[in-house]
>>> print(open('query.tsv').read())   # TSV, C-alpha atoms
chain	number	residue	atom	x	y	z
G	28	MET	CA	-9.44	31.12	-25.80
G	29	ALA	CA	-12.55	30.11	-27.62
G	30	GLU	CA	-12.90	26.69	-26.15
G	31	LYS	CA	-14.92	26.09	-23.05
G	32	GLU	CA	-13.45	26.67	-19.64
G	33	ARG	CA	-10.62	24.30	-18.85
G	34	LYS	CA	-11.55	21.71	-16.33
G	35	GLU	CA	-9.74	21.06	-13.10
G	36	LEU	CA	-7.71	17.93	-12.69
G	37	LYS	CA	-9.00	15.53	-10.06
G	38	ALA	CA	-6.81	13.50	-7.79
G	39	ARG	CA	-7.09	9.83	-8.57
G	40	GLU	CA	-5.71	6.94	-6.65
G	41	LYS	CA	-3.42	4.72	-8.61
G	42	ALA	CA	-5.05	1.51	-9.75
G	43	GLU	CA	-3.23	-1.51	-8.48
G	44	VAL	CA	-2.85	-4.57	-10.69
G	45	SER	CA	-2.80	-8.20	-9.79
G	46	ILE	CA	-0.69	-9.91	-12.36
G	47	PRO	CA	-0.65	-13.65	-12.91
G	48	ALA	CA	3.08	-14.11	-12.46
G	49	GLU	CA	4.39	-13.43	-9.02
G	50	GLN	CA	6.83	-10.60	-8.68
G	51	THR	CA	10.38	-11.19	-7.63
G	52	LYS	CA	10.47	-7.79	-6.02
G	53	PRO	CA	7.95	-7.10	-3.29
G	54	GLY	CA	5.71	-4.07	-3.48
G	55	PRO	CA	2.64	-2.95	-5.35
G	56	THR	CA	2.36	-2.78	-9.14
G	57	PHE	CA	0.16	-0.19	-10.82
G	58	ILE	CA	-1.73	0.16	-14.08
G	59	PRO	CA	-0.59	3.20	-16.04
G	60	ALA	CA	-3.31	5.39	-17.50
G	61	VAL	CA	-3.22	5.18	-21.30
G	62	ASP	CA	-4.60	6.77	-24.42
G	63	ILE	CA	-4.77	4.54	-27.45
G	64	PHE	CA	-5.76	5.80	-30.84
G	65	GLU	CA	-5.59	4.44	-34.31
G	66	THR	CA	-5.31	5.77	-37.81
G	67	ASP	CA	-5.20	3.81	-41.03
G	68	GLN	CA	-1.42	3.65	-40.82
G	69	GLU	CA	-0.64	3.14	-37.17
G	70	ILE	CA	-1.72	2.66	-33.60
G	71	THR	CA	-0.39	5.10	-30.99
G	72	VAL	CA	-0.21	4.33	-27.30
G	73	LEU	CA	0.43	7.06	-24.75
G	74	ALA	CA	1.05	5.90	-21.19
G	75	ASP	CA	1.62	7.91	-18.03
G	76	MET	CA	4.48	6.32	-16.17
G	77	PRO	CA	5.95	8.94	-13.85
G	78	GLY	CA	9.26	8.04	-12.25
G	79	VAL	CA	10.25	5.44	-14.85
G	80	LYS	CA	13.63	5.94	-16.49
G	81	ALA	CA	14.14	4.91	-20.10
G	82	LYS	CA	16.51	2.12	-19.11
G	83	ASP	CA	13.92	0.61	-16.76
G	84	LEU	CA	11.11	0.51	-19.29
G	85	ALA	CA	10.42	-2.69	-21.17
G	86	ILE	CA	8.13	-2.89	-24.18
G	87	ASP	CA	7.44	-6.32	-25.50
G	88	LEU	CA	5.36	-7.30	-28.49
G	89	ARG	CA	4.91	-11.00	-28.88
G	90	GLU	CA	2.34	-12.61	-31.11
G	91	ASN	CA	-0.25	-9.88	-30.76
G	92	THR	CA	0.18	-9.11	-27.08
G	93	LEU	CA	1.77	-5.83	-26.17
G	94	THR	CA	3.28	-5.65	-22.70
G	95	LEU	CA	4.43	-2.47	-21.03
G	96	SER	CA	6.37	-2.72	-17.83
G	97	GLY	CA	8.30	-0.05	-16.04
G	98	ASP	CA	10.36	-0.39	-12.91
G	99	VAL	CA	10.38	2.47	-10.47
G	100	GLU	CA	13.10	2.97	-7.93
G	101	SER	CA	11.95	4.53	-4.71
G	102	PRO	CA	12.79	8.22	-5.03
G	103	GLU	CA	13.16	8.61	-1.30
G	104	GLY	CA	16.54	8.58	0.34
G	105	LYS	CA	17.27	6.06	3.07
G	106	LYS	CA	17.45	8.64	5.83
G	107	GLU	CA	14.14	10.25	5.00
G	108	GLU	CA	11.24	9.74	7.34
G	109	GLU	CA	7.65	9.87	6.25
G	110	VAL	CA	5.58	12.90	7.16
G	111	LEU	CA	2.63	12.55	4.81
G	112	ARG	CA	1.96	9.81	2.27
G	113	GLU	CA	-0.81	10.27	-0.25
G	114	TYR	CA	0.36	8.05	-3.08
G	115	PRO	CA	2.27	4.81	-3.13
G	116	THR	CA	5.22	4.16	-5.42
G	117	GLY	CA	5.65	0.98	-7.39
G	118	ASN	CA	6.26	-0.55	-10.76
G	119	TYR	CA	3.93	-0.24	-13.73
G	120	TYR	CA	2.52	-3.08	-15.77
G	121	ARG	CA	-0.10	-3.36	-18.46
G	122	GLN	CA	-0.91	-5.68	-21.30
G	123	PHE	CA	-2.96	-5.22	-24.43
G	124	THR	CA	-4.05	-7.50	-27.20
G	125	LEU	CA	-3.69	-5.96	-30.62
G	126	SER	CA	-6.04	-6.94	-33.37
G	127	GLU	CA	-3.87	-5.51	-36.14
G	128	VAL	CA	-0.67	-6.92	-37.49
G	129	ILE	CA	2.16	-4.58	-36.51
G	130	ASP	CA	5.33	-4.00	-38.46
G	131	GLN	CA	7.81	-4.89	-35.75
G	132	SER	CA	10.76	-3.25	-37.47
G	133	LYS	CA	9.18	0.20	-37.48
G	134	ILE	CA	8.02	0.47	-33.88
G	135	GLU	CA	9.11	3.70	-32.23
G	136	ALA	CA	9.07	4.44	-28.53
G	137	ALA	CA	9.91	7.67	-26.76
G	138	LEU	CA	9.77	8.47	-23.09
G	139	LYS	CA	9.52	12.11	-22.13
G	140	ASP	CA	8.59	13.69	-18.81
G	141	GLY	CA	7.21	10.38	-17.60
G	142	VAL	CA	4.96	9.81	-20.62
G	143	LEU	CA	5.62	6.96	-23.01
G	144	ARG	CA	4.71	7.48	-26.64
G	145	LEU	CA	4.64	4.28	-28.62
G	146	ARG	CA	4.03	4.17	-32.36
G	147	LEU	CA	3.00	0.86	-33.79
G	148	PRO	CA	2.83	1.05	-37.59
G	149	LYS	CA	0.52	-1.43	-39.20
G	150	VAL	CA	1.80	-3.80	-41.80
G	151	GLU	CA	0.93	-2.29	-45.13
G	152	ALA	CA	-2.20	-3.89	-46.31
G	153	ALA	CA	-1.66	-6.05	-49.31
G	154	ALA	CA	-2.60	-4.07	-52.35
G	155	PRO	CA	-5.89	-5.31	-53.68
G	156	ARG	CA	-5.33	-7.47	-56.66
G	157	THR	CA	-7.71	-8.65	-59.28
G	158	ILE	CA	-7.14	-12.20	-60.13
G	159	PRO	CA	-7.63	-12.96	-63.75
G	160	VAL	CA	-9.40	-16.19	-64.40
G	161	LYS	CA	-7.92	-18.14	-67.18
G	162	THR	CA	-10.06	-19.80	-69.59
G	163	GLY	CA	-8.72	-22.97	-70.91
B	8	MET	CA	0.12	-8.46	32.08
B	9	ILE	CA	-3.37	-9.96	31.80
B	10	ILE	CA	-3.15	-11.59	35.17
B	11	ARG	CA	-2.11	-8.33	36.67
B	12	ARG	CA	-5.09	-6.55	35.17
B	13	ILE	CA	-7.62	-9.12	36.28
B	14	GLY	CA	-6.32	-9.45	39.76
B	15	GLY	CA	-4.90	-6.00	40.12
B	16	TRP	CA	-6.49	-2.67	40.40
B	17	PRO	CA	-7.93	-1.32	37.14
B	18	THR	CA	-6.50	2.10	36.71
B	19	TRP	CA	-6.38	3.81	33.34
B	20	GLU	CA	-9.13	2.03	31.34
B	21	TRP	CA	-11.66	2.15	34.09
B	22	LYS	CA	-13.55	5.16	32.81
B	23	SER	CA	-14.65	3.86	29.43
B	24	PRO	CA	-14.97	0.30	28.18
B	25	PHE	CA	-14.30	1.60	24.65
B	26	GLY	CA	-10.93	2.96	25.63
B	27	GLU	CA	-9.64	-0.58	25.76
B	28	LEU	CA	-11.17	-1.40	22.34
B	29	GLU	CA	-9.56	1.67	20.86
B	30	ARG	CA	-6.23	0.70	22.31
B	31	MET	CA	-6.60	-2.80	20.83
B	32	ARG	CA	-7.50	-1.40	17.44
B	33	ARG	CA	-4.40	0.77	17.43
B	34	GLU	CA	-2.33	-2.22	18.44
B	35	MET	CA	-3.81	-4.26	15.57
B	36	ASP	CA	-3.03	-1.48	13.11
B	37	ARG	CA	0.50	-1.29	14.37
B	38	ARG	CA	0.98	-5.04	14.03
B	39	SER	CA	-0.52	-5.35	10.55
B	40	GLU	CA	1.68	-2.46	9.49
B	41	ALA	CA	4.72	-4.35	10.63
B	42	LEU	CA	3.69	-7.13	8.25
B	43	THR	CA	2.53	-5.24	5.20
B	44	GLY	CA	4.38	-1.94	5.41
B	45	PRO	CA	2.95	1.42	6.28
B	46	LEU	CA	-0.74	1.88	5.62
B	47	LEU	CA	-2.19	4.97	4.05
B	48	ARG	CA	-3.11	6.53	7.32
B	49	GLU	CA	-3.59	10.11	6.32
B	50	PRO	CA	-6.90	10.84	4.62
B	51	LEU	CA	-6.53	11.70	0.96
B	52	ALA	CA	-6.66	15.40	0.37
B	53	GLY	CA	-8.50	14.70	-2.88
B	54	VAL	CA	-6.68	17.51	-4.63
B	55	PHE	CA	-4.45	16.96	-7.64
B	56	PRO	CA	-1.54	16.36	-7.44
B	57	LEU	CA	-1.27	13.88	-4.62
B	58	MET	CA	1.85	14.55	-2.59
B	59	ASN	CA	4.27	12.69	-0.41
B	60	VAL	CA	6.23	14.57	2.21
B	61	THR	CA	9.30	13.19	3.92
B	62	GLU	CA	11.93	14.73	6.11
B	63	ASP	CA	15.45	14.22	7.29
B	64	PRO	CA	17.21	16.32	9.95
B	65	ASP	CA	18.01	19.10	7.46
B	66	ASN	CA	15.28	19.15	4.82
B	67	TYR	CA	11.71	18.44	3.92
B	68	TYR	CA	11.10	16.69	0.61
B	69	VAL	CA	7.81	17.13	-1.21
B	70	ARG	CA	7.18	14.82	-4.15
B	71	ALA	CA	4.35	14.64	-6.65
B	72	GLU	CA	3.79	12.66	-9.83
B	73	LEU	CA	3.17	15.01	-12.73
B	74	PRO	CA	3.61	13.03	-15.94
B	75	GLY	CA	3.72	15.07	-19.11
B	76	ILE	CA	4.16	18.38	-17.34
B	77	LYS	CA	7.25	20.37	-18.17
B	78	ALA	CA	9.15	22.17	-15.43
B	79	ASP	CA	8.41	25.58	-16.93
B	80	GLU	CA	4.67	24.93	-16.87
B	81	LEU	CA	4.73	24.68	-13.11
B	82	ASN	CA	4.18	27.54	-10.76
B	83	ILE	CA	5.70	26.80	-7.38
B	84	SER	CA	5.66	29.26	-4.53
B	85	ILE	CA	6.50	29.07	-0.87
B	86	THR	CA	5.30	31.00	2.13
B	87	GLY	CA	6.91	30.26	5.48
B	88	SER	CA	5.44	26.83	6.11
B	89	GLY	CA	3.19	26.28	3.10
B	90	LEU	CA	4.14	25.12	-0.39
B	91	SER	CA	1.89	25.88	-3.31
B	92	VAL	CA	2.10	24.02	-6.63
B	93	ALA	CA	-0.08	25.11	-9.52
B	94	GLY	CA	-0.07	24.55	-13.25
B	95	GLU	CA	-1.90	23.10	-16.14
B	96	ARG	CA	-1.56	19.83	-17.92
B	97	THR	CA	-2.14	20.30	-21.61
B	98	MET	CA	-2.28	17.62	-24.24
B	99	PRO	CA	-1.42	18.48	-27.79
B	100	ALA	CA	-4.17	17.67	-30.25
B	101	GLU	CA	-3.58	14.41	-32.04
B	102	ASN	CA	-4.43	13.49	-35.56
B	103	GLU	CA	-8.07	14.37	-36.09
B	104	LYS	CA	-8.68	11.30	-38.13
B	105	ALA	CA	-7.52	9.07	-35.33
B	106	GLY	CA	-10.13	6.95	-33.64
B	107	TYR	CA	-9.76	6.46	-29.92
B	108	HIS	CA	-9.80	3.06	-28.27
B	109	ARG	CA	-9.01	4.34	-24.81
B	110	ARG	CA	-8.82	7.75	-23.29
B	111	GLU	CA	-7.83	7.60	-19.67
B	112	ARG	CA	-5.31	10.40	-19.44
B	113	GLU	CA	-6.70	13.77	-18.46
B	114	ALA	CA	-5.75	17.35	-19.05
B	115	GLY	CA	-6.66	20.28	-16.88
B	116	LYS	CA	-5.60	22.88	-14.40
B	117	PHE	CA	-4.50	22.18	-10.89
B	118	SER	CA	-3.54	24.06	-7.78
B	119	ARG	CA	-2.52	22.59	-4.50
B	120	VAL	CA	-1.15	23.84	-1.22
B	121	VAL	CA	0.54	21.57	1.26
B	122	GLY	CA	1.39	22.64	4.77
B	123	LEU	CA	4.74	21.79	6.28
B	124	PRO	CA	5.19	20.91	9.94
B	125	SER	CA	7.66	23.71	10.57
B	126	GLU	CA	9.23	26.79	9.08
B	127	VAL	CA	11.56	26.40	6.11
B	128	ASP	CA	14.31	28.57	4.72
B	129	THR	CA	12.38	30.00	1.77
B	130	SER	CA	15.49	31.37	0.09
B	131	LYS	CA	17.06	27.94	-0.40
B	132	VAL	CA	14.13	25.93	-1.74
B	133	GLU	CA	14.96	23.90	-4.84
B	134	ALA	CA	12.58	22.18	-7.22
B	135	ARG	CA	13.24	19.83	-10.09
B	136	CYS	CA	11.03	17.79	-12.34
B	137	VAL	CA	12.57	14.63	-13.78
B	138	ASP	CA	10.71	11.83	-15.58
B	139	GLY	CA	7.39	13.33	-14.56
B	140	LEU	CA	8.30	13.33	-10.90
B	141	LEU	CA	8.45	16.66	-9.12
B	142	THR	CA	10.78	16.89	-6.14
B	143	VAL	CA	10.93	20.01	-3.99
B	144	VAL	CA	13.70	20.16	-1.41
B	145	LEU	CA	12.95	22.59	1.40
B	146	PRO	CA	15.76	23.19	3.90
B	147	LYS	CA	14.44	23.55	7.42
B	148	ALA	CA	14.84	26.90	9.10
B	149	GLU	CA	17.72	26.90	11.60
B	150	GLU	CA	15.41	27.15	14.59
B	151	ALA	CA	13.37	24.17	13.43
B	152	LYS	CA	16.31	21.78	13.10
B	153	PRO	CA	16.76	19.24	15.83
B	154	LYS	CA	19.62	20.04	18.16
B	155	GLN	CA	21.73	17.72	20.14
B	156	ILE	CA	21.75	18.70	23.77
B	157	ALA	CA	24.71	17.60	25.74
B	158	VAL	CA	23.97	16.47	29.25
B	159	LYS	CA	26.45	17.95	31.64
B	160	ILE	CA	27.87	15.90	34.38
B	161	SER	CA	28.09	17.96	37.49
>>> encode(input="query.tsv", output="structure tokens")
Amino acid sequence: MAEKERKELKAREKAEVSIPAEQTKPGPTFIPAVDIFETDQEITVLADMPGVKAKDLAIDLRENTLTLSGDVESPEGKKEEEVLREYPTGNYYRQFTLSEVIDQSKIEAALKDGVLRLRLPKVEAAAPRTIPVKTG
Amino acid sequence: MIIRRIGGWPTWEWKSPFGELERMRREMDRRSEALTGPLLREPLAGVFPLMNVTEDPDNYYVRAELPGIKADELNISITGSGLSVAGERTMPAENEKAGYHRREREAGKFSRVVGLPSEVDTSKVEARCVDGLLTVVLPKAEEAKPKQIAVKIS
């Protein structure tokens, strides 16, 4: 392994979000950690949303606002009693404003091991045209 | 209650005036908890991954959020009353030409041990990792399970 020594992961508390609309379900809502990167063709969003099932994940792109929201069911059974609690469980919510125009029909989303991978292809840029000027 | 304490004989809080304050603070905590749900009382261990431990009469349940980590990348071992979870979170290299807007997710190694309140049956421990959520079910050892004791009527 040529690369430098791998670093240790640090424990981080989940960041809680205060969203404008009030929730119908009580409980905290958290901001998922994301990576966003862009190439000439597309924007990719990776979001850590542990505990979210594919059916409970909603991705919404309206105008140029991208909204990710994931509902998390409490994994604990009803009869279980708490011994130690280090992290809270709750839904995830995050919004982004996109500056690029996205081709809505080609968006791909995959959820694997609690990580969402969202591909947002850009609308193909209009081919540069030279406009001939007529002389008349 | 108050009248009794003023007029009565001070007994248990007599030694320290702070004893009463401490008792009031605990009472306040208890009441605010009733309103807002359980507080994070335990200090954070500060070691990744953070863990929640629950129990029912038969098992302990240890849960941790490990997004993007596959089950076979985890190394879980158990010794009597301690559970150790170690592994590494790797992130595949993305397109080199890509420019990053945000980079909040982290990769790295981790190793964590969590102590359990009592002995567990190490041969029956089960672990599964679904949707980035690790759940380890640890059956309590027979001698640690609560037992119903019948009261005999003589």
>>> interface_residues(input="query.tsv", of="chain G", to="chain B", cutoff="10 Å", atoms="only C-alpha atoms", output="NGL selection string")
:G and (32-40 or 54 or 59-81 or 102-116 or 138-143)
>>> residues_near_point(input="query.tsv", point="(10.1, -3.8, -38.9)", cutoff="10 Å", atoms="all atoms listed in the file", output="PDB file with C-alpha atoms, keeping the file's coordinate frame")
ATOM      1  CA  ILE G 129       2.160  -4.580 -36.510  1.00  0.00           C
ATOM      2  CA  ASP G 130       5.330  -4.000 -38.460  1.00  0.00           C
ATOM      3  CA  GLN G 131       7.810  -4.890 -35.750  1.00  0.00           C
ATOM      4  CA  SER G 132      10.760  -3.250 -37.470  1.00  0.00           C
ATOM      5  CA  LYS G 133       9.180   0.200 -37.480  1.00  0.00           C
ATOM      6  CA  ILE G 134       8.020   0.470 -33.880  1.00  0.00           C
ATOM      7  CA  LEU G 147       3.000   0.860 -33.790  1.00  0.00           C
ATOM      8  CA  PRO G 148       2.830   1.050 -37.590  1.00  0.00           C
ATOM      9  CA  LYS G 149       0.520  -1.430 -39.200  1.00  0.00           C
ATOM     10  CA  VAL G 150       1.800  -3.800 -41.800  1.00  0.00           C
TER      11      VAL G 150
END
>>> atom_distance(input="query.tsv", atom1="atom CA of B:Pro153", atom2="atom CA of B:Arg135")
26.2 Å
>>> atom_distance(input="query.tsv", atom1="atom CA of G:Asp83", atom2="atom CA of G:Leu125")
23.4 Å
>>> atom_distance(input="query.tsv", atom1="atom CA of B:Ser125", atom2="atom CA of B:Ile156")
19.9 Å
>>> closest_residue(input="query.tsv", among="G:Ser126, G:Thr56, G:Asn118, G:Ser45", to="G:Leu84", atoms="only C-alpha atoms")
G:Asn118
>>> closest_residue(input="query.tsv", among="G:Glu43, G:Glu151, G:Pro159, G:Gly117", to="G:Ser101", atoms="all atoms listed in the file")
G:Gly117
